[in-house]
Structures are given as C-alpha cells and as structure tokens.
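Just below is one structure, and these are the notes that go with it.
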Protein chains: 2
Amino acid sequence: MLTTKGAATRQRIIDGAAAEIRNRGVAATTLEDVCRRTATSKGQLFHYFPDGKEQLLLAVADHEAERVLADQQPHLGALTSWSAWQDWRDVVVRRYRAQGVHCPLGVLITELGRSTPAARAVTGRLIEQWQGALRAGITGMQHTGRIAGELDADRTAAALVAAVQGGVAVLMSTGRSTHLEAALDTALLFLQGKHTN
Amino acid sequence: MLTTKGAATRQRIIDGAAAEIRNRGVAATTLEDVCRRTATSKGQLFHYFPDGKEQLLLAVADHEAERVLADQQPHLGALTSWSAWQDWRDVVVRRYRAQGVHCPLGVLITELGRSTPAARAVTGRLIEQWQGALRAGITGMQHTGRIAGELDADRTAAALVAAVQGGVAVLMSTGRSTHLEAALDTALLFLQGKHTN
DNA sequence: ACTAAAATGGACCGGCAGGTCCAGAAAAAG
DNA sequence: CTTTTTCTGGACCTGCCGGTCCATTTTAGT
C-alpha cells in the first residue's frame, strides 16, 4: 500500500520530472536529474515506479495531458458565444506562446508512442476529450442558431483540434506563433460562415 | 576532398540512417545500427561526419525535408485548378497514411531543435517553402477569379500548413488519418468560399 | 609505377545512465 | 512496546553507445 507521505513523494517525483522535461527535453533528462530536483533517491524512484523510466514517463504524460485541458478552462467548457470562442482562442495562443519551444506532451509521445501502446492511449484520450469539448461547443452554437445546422460538428471539431496541434507544432520548431494564430482564426472564420480574412 | 566512391558512401549512410530512424525512432537508433544497415564502419562514419551523431542527424533532417516537398510534386507546384488542389490533398493524405506513425522530420526536430539552431533552420526553410508554394497556388487561383481576391493568401497558406502539420501530429499519435483529412477538407472548403461540409 | 590522399575496418576506450541491493529510519498495525 | 510494513539513502554494478585511433586497402594524380 501507500502511506500519505508516500503518495506525496510519488507526486513530487512526477511534478519534478515533468518540470525537468519541460525545461530540458526528454532525451536530456536523466533519472538522477529528477532525483536531484525532487530531493529523492534512486531507491525511492524505483520504489514508486518499479518498471523504471518508462513507467515514470507514462505517469508524467498522463499528468501533462490533464494540464493541457485544465489550462483551457473554464473557456473550453463553455463555448456558448462568439466572445467565449475568442477568449478560448486567446488562452490557447497565450499558453503555447508562453511555453515556447517546449511541448512536453508532444515530445513524450514521439518518444514513447512508438514503443508502448499505453502512451498512445494517453494521447488518444486527450484528443478525444478535447475534440468532444469543441464539438459540444459547436452543437450548442447550432442550437442557438449561431452556427449553421448543416455543418458537421464532429468533423469540424476534428479540424479544429488539428489546427491547434499543427500551429503548436510549427511554434515548436520555429518559435513563432503566427501559424497557430492563423490556423485558429481561419477555423473560427469558417465556423462563423465567413470566407475571407 | 571527396571521391565518387566517397560521396556514394556518404549518401548511403544518410539514406540508411534516415531509414533506420523512420523505422525505430531517433532515440532507439545508434550509430552501430546505422553502420550495420549501411555496411560501413565507425571509421567511415566519423570520416564523413567528423562532428559525429549531431552532424549526421542534421544531414538526415535536411534529406528528409527535401523528401517531404518532393513527394508532393508535381501537384504542389501547379495548384491551378480545384482538381489540382484535390489531387494534392489526396497525395498528402496517402503519403502520410502510408508512413503511419513515423514522421522522421518531426521526430528529428523535437530531438535536435531544442539544442541546435541549425536544426531549426532546416524546419524553418521547409515550412517557408511549403507555405510559399501554397500561397502561390492561392494567388494564382485569385487571378483566375476562382478564389475571392480579398482573402489573405499568406495567412491562409499558413493555416493550411498548420492544418497538415496538425493532422499529421494526430496521425502520428493515434494512427488514424481522420483528423488530417478533416483539417485539409475544411481548409479547402474555406478556400472555395463554402461554409458547410 | 610511385606517391599522396582518401577510404575502410574494427579494436578499443571512457563515461554515463538505468537499474540493483541492502541497510537503516519512519510509520502503521496490533 | 513489538512487529511488520513502508519509506529512504546511496553505494555499486553493468551494458551500452558515442567517440578515438591506427593499420590496411583502395583510388587519384602525374
């Protein structure tokens, strides 16, 4: 079992590892780095994550996935007006611009996804939830007549997720948020039924 | 200098490394793997890439960047009709669906981009060229009146690049091409001035 | 043919990072 | 208070992988 203290330590390790990875990347982060930052020892690390690095990384990925959605709230959960959509857009842009070159989740996935199906499950869930929230926003707007009813909500939500994802990808490799903004704005224009920018 | 044979070997190493990375990822690819696959030795590897792994990876990234654009030709260079755009879309989808979970360039960047500015330059150039080709296609269609003249060609091209990029990102972590298709199709609908799907 | 330069093969090294082990402290259980 | 479980610290091991070195072979140049 796990005592209160134990659970706290375990969490401290996850948080520390996440922070370390955010700053220096997965490849450059060693278990010893994590130990140093979290004031723990190898013994503890393997006590809480018997399967070693892979298990820890998976826990970090899970942790980061939650963060991604949490950071978009409360806007993502209440996309009931155009201004709410705009606020959401702004939050997304601001968040990723601040994060700059470091996308912990993306990096984790490219590193883990290939080997373990468990890692892919984490991303899968995240995308599904994300897309679901956007779809809910779209159908809500359709019910109040602000978005055309013929529009395929799920498909458009998927495109929106891809737009953000792609914008972030470009941001990660160029450091510029122009593409993220262009992608989001263009997608929102489409939602609004406009066709110029 | 470099003899014909030498140049061939050098190229063989790059090709082999690229293939190896496509199959198993950067992290899992060792110099010895590359040697084995290309039937070369450490001596040769460091003979042609004195700065070691980093230099090799950079060369691979460059190689892959060229491939990305080449694979989209001739369509990408002649986006002069809606059917040409559609063909381009199909090629992109087919290419990445075939590639599946493996995006060599993306992985290389997330691995190198952080450390070396040279790696970021490679992606930067690729994105710029890509976006340029799309922009040219858009302005061309504007001149023949098939796309509204008020539309911001550069910004929309940027959104298009992000759409592909994002779709591929999702494809990489889920294995499904639905998002890529949704993103591309939605973007094309926007270009056509339609607002439903 | 002779020489210089380039190409090749592979033995070897050194450090590092993931993982093991165990002994002792702290908590929980009774 | 005793016993059992959990937690903690860190010394240690080991395999791997990037990188070095040099002896040998091949090619280019004249």
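Each chain in the structure tokens gets a letter, A, B and so on, in the order shown; residues start at 1 in every chain, and ligands are counted from 1 in the order they appear.
Within 8 Å of B:Ala182, once only C-alpha atoms (C1' of nucleotides) are used and residues closer than 3 positions along the same chain are dropped, the contacting residues are Arg155, Thr156, Ala158 and Ala159 of chain A; Thr178, His179, Asp185 and Thr186 of chain B.
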Excluding B:Arg37 and residues on its chain fewer than 4 positions from it, collect all residues at most 12 Å away from it, counting only C-alpha atoms (C1' of nucleotides), and give them as an mmCIF file with C-alpha atoms, in the first residue's frame.
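Output file around39.cif is given in full below:
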```
data_model
loop_
_atom_site.group_PDB
_atom_site.id
_atom_site.type_symbol
_atom_site.label_atom_id
_atom_site.label_comp_id
_atom_site.auth_asym_id
_atom_site.auth_seq_id
_atom_site.Cartn_x
_atom_site.Cartn_y
_atom_site.Cartn_z
ATOM 1 C CA ARG B 12 24.429 5.626 -48.374
ATOM 2 C CA ILE B 13 24.988 6.473 -44.749
ATOM 3 C CA ILE B 14 22.460 9.277 -44.835
ATOM 4 C CA ASP B 15 19.872 7.123 -46.572
ATOM 5 C CA GLY B 16 20.424 4.252 -44.192
ATOM 6 C CA ALA B 17 20.260 6.453 -41.137
ATOM 7 C CA ALA B 18 17.053 8.013 -42.410
ATOM 8 C CA ALA B 19 15.513 4.605 -42.963
ATOM 9 C CA GLU B 20 16.609 3.356 -39.584
ATOM 10 C CA ILE B 21 15.176 6.416 -37.886
ATOM 11 C CA THR B 29 18.821 4.431 -33.386
ATOM 12 C CA THR B 30 22.508 4.013 -32.582
ATOM 13 C CA LEU B 31 25.466 4.692 -34.783
ATOM 14 C CA GLU B 32 26.183 0.985 -34.822
ATOM 15 C CA ASP B 33 22.703 0.328 -36.143
ATOM 16 C CA SER B 41 32.208 1.094 -40.098
#
```
Which residues of chain B come within 12 Å of chain C, and what is each one's closest atom pair and distance in Å (one decimal), counting only C-alpha atoms (C1' of nucleotides), sorted by chain and residue number, as CSV?
```
residue,atom,partner,partner_atom,distance
B:Met1,CA,C:DA6,C1',7.7
B:Leu2,CA,C:DA6,C1',7.3
B:Thr3,CA,C:DA6,C1',7.4
B:Thr4,CA,C:DA6,C1',10.7
B:Lys5,CA,C:DA7,C1',8.4
B:Gly6,CA,C:DA7,C1',6.9
B:Ala7,CA,C:DA7,C1',10.6
B:Ala8,CA,C:DA7,C1',11.5
B:Thr9,CA,C:DA7,C1',9.5
B:Arg10,CA,C:DA7,C1',11.0
B:Glu32,CA,C:DG10,C1',12.0
B:Cys35,CA,C:DG9,C1',11.3
B:Ala39,CA,C:DG9,C1',10.6
B:Thr40,CA,C:DT8,C1',8.0
B:Ser41,CA,C:DG9,C1',6.2
B:Lys42,CA,C:DG10,C1',8.1
B:Gly43,CA,C:DT8,C1',7.2
B:Gln44,CA,C:DT8,C1',6.6
B:Leu45,CA,C:DT8,C1',10.2
B:Phe46,CA,C:DT8,C1',11.5
B:His47,CA,C:DA7,C1',8.6
B:Tyr48,CA,C:DA7,C1',10.0
```
Keeping N, CA and C atoms for every residue in the selection just given, could you write it to a file as a PDB file, in the first residue's frame?
```
ATOM      1  N   MET B   1      39.231  16.249 -49.818  1.00  0.00           N
ATOM      2  CA  MET B   1      38.236  16.148 -50.904  1.00  0.00           C
ATOM      3  C   MET B   1      37.415  14.874 -50.784  1.00  0.00           C
ATOM      4  N   LEU B   2      36.651  14.639 -51.827  1.00  0.00           N
ATOM      5  CA  LEU B   2      35.700  13.538 -51.767  1.00  0.00           C
ATOM      6  C   LEU B   2      35.671  12.850 -53.130  1.00  0.00           C
ATOM      7  N   THR B   3      36.020  11.604 -53.143  1.00  0.00           N
ATOM      8  CA  THR B   3      35.982  10.866 -54.417  1.00  0.00           C
ATOM      9  C   THR B   3      34.537  10.461 -54.726  1.00  0.00           C
ATOM     10  N   THR B   4      34.328   9.933 -55.912  1.00  0.00           N
ATOM     11  CA  THR B   4      32.978   9.497 -56.290  1.00  0.00           C
ATOM     12  C   THR B   4      32.498   8.429 -55.320  1.00  0.00           C
ATOM     13  N   LYS B   5      33.383   7.492 -55.079  1.00  0.00           N
ATOM     14  CA  LYS B   5      33.051   6.407 -54.155  1.00  0.00           C
ATOM     15  C   LYS B   5      32.707   6.958 -52.771  1.00  0.00           C
ATOM     16  N   GLY B   6      33.545   7.921 -52.339  1.00  0.00           N
ATOM     17  CA  GLY B   6      33.315   8.519 -51.030  1.00  0.00           C
ATOM     18  C   GLY B   6      31.947   9.175 -50.940  1.00  0.00           C
ATOM     19  N   ALA B   7      31.618   9.938 -51.975  1.00  0.00           N
ATOM     20  CA  ALA B   7      30.323  10.623 -51.982  1.00  0.00           C
ATOM     21  C   ALA B   7      29.185   9.618 -51.916  1.00  0.00           C
ATOM     22  N   ALA B   8      29.361   8.509 -52.644  1.00  0.00           N
ATOM     23  CA  ALA B   8      28.334   7.474 -52.646  1.00  0.00           C
ATOM     24  C   ALA B   8      28.154   6.895 -51.247  1.00  0.00           C
ATOM     25  N   THR B   9      29.263   6.608 -50.603  1.00  0.00           N
ATOM     26  CA  THR B   9      29.201   6.054 -49.246  1.00  0.00           C
ATOM     27  C   THR B   9      28.522   7.020 -48.292  1.00  0.00           C
ATOM     28  N   ARG B  10      28.927   8.260 -48.410  1.00  0.00           N
ATOM     29  CA  ARG B  10      28.329   9.287 -47.558  1.00  0.00           C
ATOM     30  C   ARG B  10      26.810   9.302 -47.722  1.00  0.00           C
ATOM     31  N   GLU B  32      25.886   2.353 -34.399  1.00  0.00           N
ATOM     32  CA  GLU B  32      26.183   0.985 -34.822  1.00  0.00           C
ATOM     33  C   GLU B  32      25.051   0.395 -35.658  1.00  0.00           C
ATOM     34  N   CYS B  35      25.638   1.717 -39.024  1.00  0.00           N
ATOM     35  CA  CYS B  35      26.766   1.018 -39.646  1.00  0.00           C
ATOM     36  C   CYS B  35      26.333  -0.345 -40.173  1.00  0.00           C
ATOM     37  N   ALA B  39      26.314  -1.239 -44.054  1.00  0.00           N
ATOM     38  CA  ALA B  39      27.552  -1.965 -44.313  1.00  0.00           C
ATOM     39  C   ALA B  39      28.747  -1.027 -44.333  1.00  0.00           C
ATOM     40  N   THR B  40      28.846  -0.253 -43.265  1.00  0.00           N
ATOM     41  CA  THR B  40      30.001   0.638 -43.118  1.00  0.00           C
ATOM     42  C   THR B  40      30.567   0.460 -41.717  1.00  0.00           C
ATOM     43  N   SER B  41      31.596   1.215 -41.413  1.00  0.00           N
ATOM     44  CA  SER B  41      32.208   1.094 -40.098  1.00  0.00           C
ATOM     45  C   SER B  41      32.233   2.444 -39.394  1.00  0.00           C
ATOM     46  N   LYS B  42      32.477   2.394 -38.118  1.00  0.00           N
ATOM     47  CA  LYS B  42      32.568   3.626 -37.343  1.00  0.00           C
ATOM     48  C   LYS B  42      33.572   4.580 -37.987  1.00  0.00           C
ATOM     49  N   GLY B  43      34.677   4.009 -38.431  1.00  0.00           N
ATOM     50  CA  GLY B  43      35.710   4.837 -39.055  1.00  0.00           C
ATOM     51  C   GLY B  43      35.150   5.683 -40.175  1.00  0.00           C
ATOM     52  N   GLN B  44      34.397   5.042 -41.048  1.00  0.00           N
ATOM     53  CA  GLN B  44      33.810   5.775 -42.172  1.00  0.00           C
ATOM     54  C   GLN B  44      32.831   6.820 -41.691  1.00  0.00           C
ATOM     55  N   LEU B  45      32.023   6.416 -40.752  1.00  0.00           N
ATOM     56  CA  LEU B  45      31.009   7.335 -40.263  1.00  0.00           C
ATOM     57  C   LEU B  45      31.643   8.635 -39.771  1.00  0.00           C
ATOM     58  N   PHE B  46      32.666   8.484 -38.972  1.00  0.00           N
ATOM     59  CA  PHE B  46      33.304   9.690 -38.438  1.00  0.00           C
ATOM     60  C   PHE B  46      34.222  10.343 -39.462  1.00  0.00           C
ATOM     61  N   HIS B  47      34.545   9.595 -40.496  1.00  0.00           N
ATOM     62  CA  HIS B  47      35.320  10.187 -41.579  1.00  0.00           C
ATOM     63  C   HIS B  47      34.458  11.184 -42.344  1.00  0.00           C
ATOM     64  N   TYR B  48      33.214  10.803 -42.581  1.00  0.00           N
ATOM     65  CA  TYR B  48      32.323  11.662 -43.360  1.00  0.00           C
ATOM     66  C   TYR B  48      31.541  12.655 -42.513  1.00  0.00           C
TER      67      TYR B  48
END
```
Exercise. Hey, what does DSSP flag as helix (DSSP H, G or I) within stretch 58-146 of chain B? Can you give it to me as JSON, numbers by chain?
Worked result: {"B": [58, 59, 60, 61, 62, 63, 64, 65, 66, 67, 68, 69, 70, 75, 76, 77, 82, 83, 84, 85, 86, 87, 88, 89, 90, 91, 92, 93, 94, 95, 96, 97, 98, 99, 104, 105, 106, 107, 108, 109, 110, 111, 112, 117, 118, 119, 120, 121, 122, 123, 124, 125, 126, 127, 128, 129, 130, 131, 132, 133, 134, 135, 136, 137, 138, 139, 140, 141, 142, 143]}
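Taking atom CA of A:Val164 as the reference point, atom CA of A:Asp152 is found at 18.5 Å.
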Exercise. Which chain D residues are at most 8 Å from chain B (counting only C-alpha atoms (C1' of nucleotides)), as a VMD selection string?
Worked result: chain D and resid 17 to 19
Exercise. In Å, how far is it from atom CA of B:Tyr96 to atom CA of B:Ala169?
Worked result: 10.3 Å
Exercise. Quick one: which residues from chain A are at most 8 Å off chain B, using only C-alpha atoms, as a PyMOL selection string?
Worked result: chain A and resi 25+27+101+107+109-111+113-114+120+123-124+148+150-152+155-156+158-167+169-170+172-174+178-180+182-184+186-187+190-191+193-197
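Rounded to one decimal, atom CA of B:Glu66 and atom CA of B:Phe49 lie 19.8 Å from each other.
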